[in-house]
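A.B. asks: Can you keep this structure in mind? I'll have questions shortly.
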Amino acid sequence: DGGITQSPKYLFRKEGQNVTLSCEQNLNHDAMYWYRQDPGQGLRLIYYSQIVNDFQKGDIAEGYSVSREKKESFPLTVTSAQKNPTAFYLCASSRQGGIQETQYFGPGTRLLVL
Amino acid sequence: QQPVQSPQAVILREGEDAVINCSSSKALYSVHWYRQKHGEAPVFLMILLKGGEQKGHEKISASFNEKKQQSSLYLTASQLSYSGTYFCGTEGDNAGNMLTFGGGTRLMVKP
């Protein structure tokens, strides 16, 4: 079955620690996205990539980094510079990066700070 | 600019109807509607394009008023499974498929 997988489901971060969230898709989609969702809030775009080896900052990129070395993978690193990382992180993909394209979401990773 | 959704929350009895609105301050090319169950990923419902028709999905339909930069989601004869948070994602004419999501509307359907 085609889809988007995210791991882990829950992740705990200590102060000053970098952590990496995994996102993999086997839909053969070109574009991938990372969103952050805070309790009772909408989704805010962190980073997006429309093609391999290329990515752009979204609205709240500070304290985060990404890479896109393979079409199917778009990992997100939450760095120690992100002072308030506790949130639900959602990865999404779309067939292309243009308009009209539907975005499909993975199951999410919940990040908690110890 | 984040679109504004209204109402923020609504409680229905099974079989009742509801309308959720999404308004933007900028010209829109498309509006995407998603439903999210608690702790789960948003699930795509439908997309409405500028100049396109009103869309429908089972008993859930939506409209897009380009001049008013608004979209409305209509849920008729609601079922328990309709409970969740509904989000609209809007796309401007030059946004390159960057969706801006509203704050969500929490819908609870009771027996």
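We name chains A, B, ... following the order of the structure tokens; residues begin at 1 in each chain, and ligands are numbered from 1 as shown.
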Should the cut-off be 9 Å, what would the residue list for chain A against chain B look like, counting only C-alpha atoms, as number ranges by chain?

C.D. replies: A: 40-45, 48, 58, 88, 90, 96-108, 110

A.B. asks: Please list as a ChimeraX atom specification every residue within 12 Å of stretch 80-85 of chain A, counting only C-alpha atoms and excluding residues in the same chain fewer than 3 positions away.

C.D. replies: /A:11-20,36-38,46,60-65,77,88-89,109-114

A.B. asks: Give me, as a PDB file with C-alpha atoms, in the first residue's frame, the residues of chain A that a backbone DSSP run labels strand (DSSP E or B).

C.D. replies:
ATOM      1  CA  ILE A   4       3.462   8.272   4.133  1.00  0.00           C
ATOM      2  CA  THR A   5       5.129   6.981   7.254  1.00  0.00           C
ATOM      3  CA  GLN A   6       6.511   9.017  10.120  1.00  0.00           C
ATOM      4  CA  SER A   7       8.621   7.803  12.969  1.00  0.00           C
ATOM      5  CA  TYR A  10       6.367   9.910  20.196  1.00  0.00           C
ATOM      6  CA  LEU A  11       9.739  11.576  20.749  1.00  0.00           C
ATOM      7  CA  PHE A  12      11.236  13.052  23.871  1.00  0.00           C
ATOM      8  CA  ARG A  13      13.900  15.717  23.737  1.00  0.00           C
ATOM      9  CA  VAL A  19      16.406  15.350  17.415  1.00  0.00           C
ATOM     10  CA  THR A  20      15.452  14.106  13.961  1.00  0.00           C
ATOM     11  CA  LEU A  21      11.973  13.168  12.817  1.00  0.00           C
ATOM     12  CA  SER A  22      11.665  10.741   9.950  1.00  0.00           C
ATOM     13  CA  CYS A  23       9.279  11.048   7.003  1.00  0.00           C
ATOM     14  CA  GLU A  24       9.152   8.507   4.179  1.00  0.00           C
ATOM     15  CA  GLN A  25       6.725   8.234   1.261  1.00  0.00           C
ATOM     16  CA  ALA A  31       6.926  17.550  -3.250  1.00  0.00           C
ATOM     17  CA  MET A  32       7.135  17.106   0.514  1.00  0.00           C
ATOM     18  CA  TYR A  33       6.272  19.358   3.441  1.00  0.00           C
ATOM     19  CA  TRP A  34       6.700  19.684   7.195  1.00  0.00           C
ATOM     20  CA  TYR A  35       4.046  21.298   9.373  1.00  0.00           C
ATOM     21  CA  ARG A  36       3.864  22.064  13.053  1.00  0.00           C
ATOM     22  CA  GLN A  37       0.560  21.900  14.947  1.00  0.00           C
ATOM     23  CA  LEU A  43      -1.032  23.853  10.774  1.00  0.00           C
ATOM     24  CA  ARG A  44       1.990  26.062  10.168  1.00  0.00           C
ATOM     25  CA  LEU A  45       4.506  25.355   7.435  1.00  0.00           C
ATOM     26  CA  ILE A  46       8.098  24.760   8.549  1.00  0.00           C
ATOM     27  CA  TYR A  47       9.895  23.692   5.363  1.00  0.00           C
ATOM     28  CA  TYR A  48       8.959  22.338   1.972  1.00  0.00           C
ATOM     29  CA  SER A  49      10.745  20.668  -0.911  1.00  0.00           C
ATOM     30  CA  GLN A  50       9.486  20.556  -4.462  1.00  0.00           C
ATOM     31  CA  ILE A  51      12.298  18.415  -5.814  1.00  0.00           C
ATOM     32  CA  ASP A  54      16.147  21.524  -3.052  1.00  0.00           C
ATOM     33  CA  PHE A  55      14.071  22.936  -0.207  1.00  0.00           C
ATOM     34  CA  GLN A  56      12.696  26.268   0.988  1.00  0.00           C
ATOM     35  CA  LYS A  57      11.825  27.794   4.323  1.00  0.00           C
ATOM     36  CA  TYR A  64      14.644  23.607  12.278  1.00  0.00           C
ATOM     37  CA  SER A  65      16.648  22.055   9.452  1.00  0.00           C
ATOM     38  CA  VAL A  66      15.840  19.574   6.674  1.00  0.00           C
ATOM     39  CA  LYS A  70      16.243  11.097  -1.811  1.00  0.00           C
ATOM     40  CA  SER A  73      12.671  10.859   2.307  1.00  0.00           C
ATOM     41  CA  LEU A  76      13.294  17.149   9.882  1.00  0.00           C
ATOM     42  CA  THR A  77      15.825  18.044  12.582  1.00  0.00           C
ATOM     43  CA  VAL A  78      14.638  20.048  15.552  1.00  0.00           C
ATOM     44  CA  ALA A  87       4.106  20.141  19.278  1.00  0.00           C
ATOM     45  CA  PHE A  88       2.584  17.652  16.855  1.00  0.00           C
ATOM     46  CA  TYR A  89       4.660  17.443  13.660  1.00  0.00           C
ATOM     47  CA  LEU A  90       3.042  16.437  10.409  1.00  0.00           C
ATOM     48  CA  CYS A  91       4.735  15.504   7.184  1.00  0.00           C
ATOM     49  CA  ALA A  92       2.857  15.713   3.884  1.00  0.00           C
ATOM     50  CA  SER A  93       3.518  15.077   0.218  1.00  0.00           C
ATOM     51  CA  SER A  94       1.943  15.994  -3.094  1.00  0.00           C
ATOM     52  CA  TYR A 104      -1.535  13.855   1.786  1.00  0.00           C
ATOM     53  CA  PHE A 105      -0.461  13.646   5.399  1.00  0.00           C
ATOM     54  CA  THR A 109       5.100  12.632  15.462  1.00  0.00           C
ATOM     55  CA  ARG A 110       4.402  14.119  18.870  1.00  0.00           C
ATOM     56  CA  LEU A 111       7.512  15.798  20.316  1.00  0.00           C
ATOM     57  CA  LEU A 112       7.763  16.440  24.028  1.00  0.00           C
ATOM     58  CA  VAL A 113      10.508  18.185  25.974  1.00  0.00           C
TER      59      VAL A 113
END

A.B. asks: By how many Å are atom CA of A:Asp59 and atom CA of B:Ile20 apart?

C.D. replies: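 Pair atom CA of A:Asp59 / atom CA of B:Ile20 returns 25.5 Å.
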
A.B. asks: For B:Thr76, work out the shell of residues within 12 Å, counting only C-alpha atoms and skipping chain neighbours fewer than 6 positions away, then give it as a PyMOL selection string.

C.D. replies: chain B and resi 12-20+56-62+82+109

A.B. asks: Only C-alpha atoms, please: the residues just picked out, written as a JSON list (two decimals), in the first residue's frame.

C.D. replies:
[["chain", "number", "residue", "atom", "x", "y", "z"],
["B", 12, "LEU", "CA", -24.80, 18.81, 16.61],
["B", 13, "ARG", "CA", -27.21, 15.99, 17.15],
["B", 14, "GLU", "CA", -27.07, 13.14, 14.68],
["B", 15, "GLY", "CA", -29.01, 14.04, 11.55],
["B", 16, "GLU", "CA", -28.60, 17.82, 11.91],
["B", 17, "ASP", "CA", -26.90, 20.04, 9.35],
["B", 18, "ALA", "CA", -23.92, 22.37, 9.76],
["B", 19, "VAL", "CA", -22.06, 24.98, 7.73],
["B", 20, "ILE", "CA", -18.40, 25.86, 8.26],
["B", 56, "GLY", "CA", -19.55, 17.11, -3.23],
["B", 57, "HIS", "CA", -18.51, 14.05, -1.29],
["B", 58, "GLU", "CA", -21.29, 11.83, 0.09],
["B", 59, "LYS", "CA", -23.27, 14.20, 2.32],
["B", 60, "ILE", "CA", -20.47, 16.73, 2.54],
["B", 61, "SER", "CA", -20.28, 19.45, -0.08],
["B", 62, "ALA", "CA", -18.58, 22.80, -0.45],
["B", 82, "TYR", "CA", -18.29, 13.45, 11.12],
["B", 109, "VAL", "CA", -21.87, 15.08, 16.68]]

A.B. asks: Neighbouring residues of A:Asn53 were defined as those with any atom within 8 Å, considering only C-alpha atoms; residues of the same chain fewer than 3 positions away were excluded. Please report them as JSON, numbers by chain.

C.D. replies: {"A": [67, 68, 69, 70]}
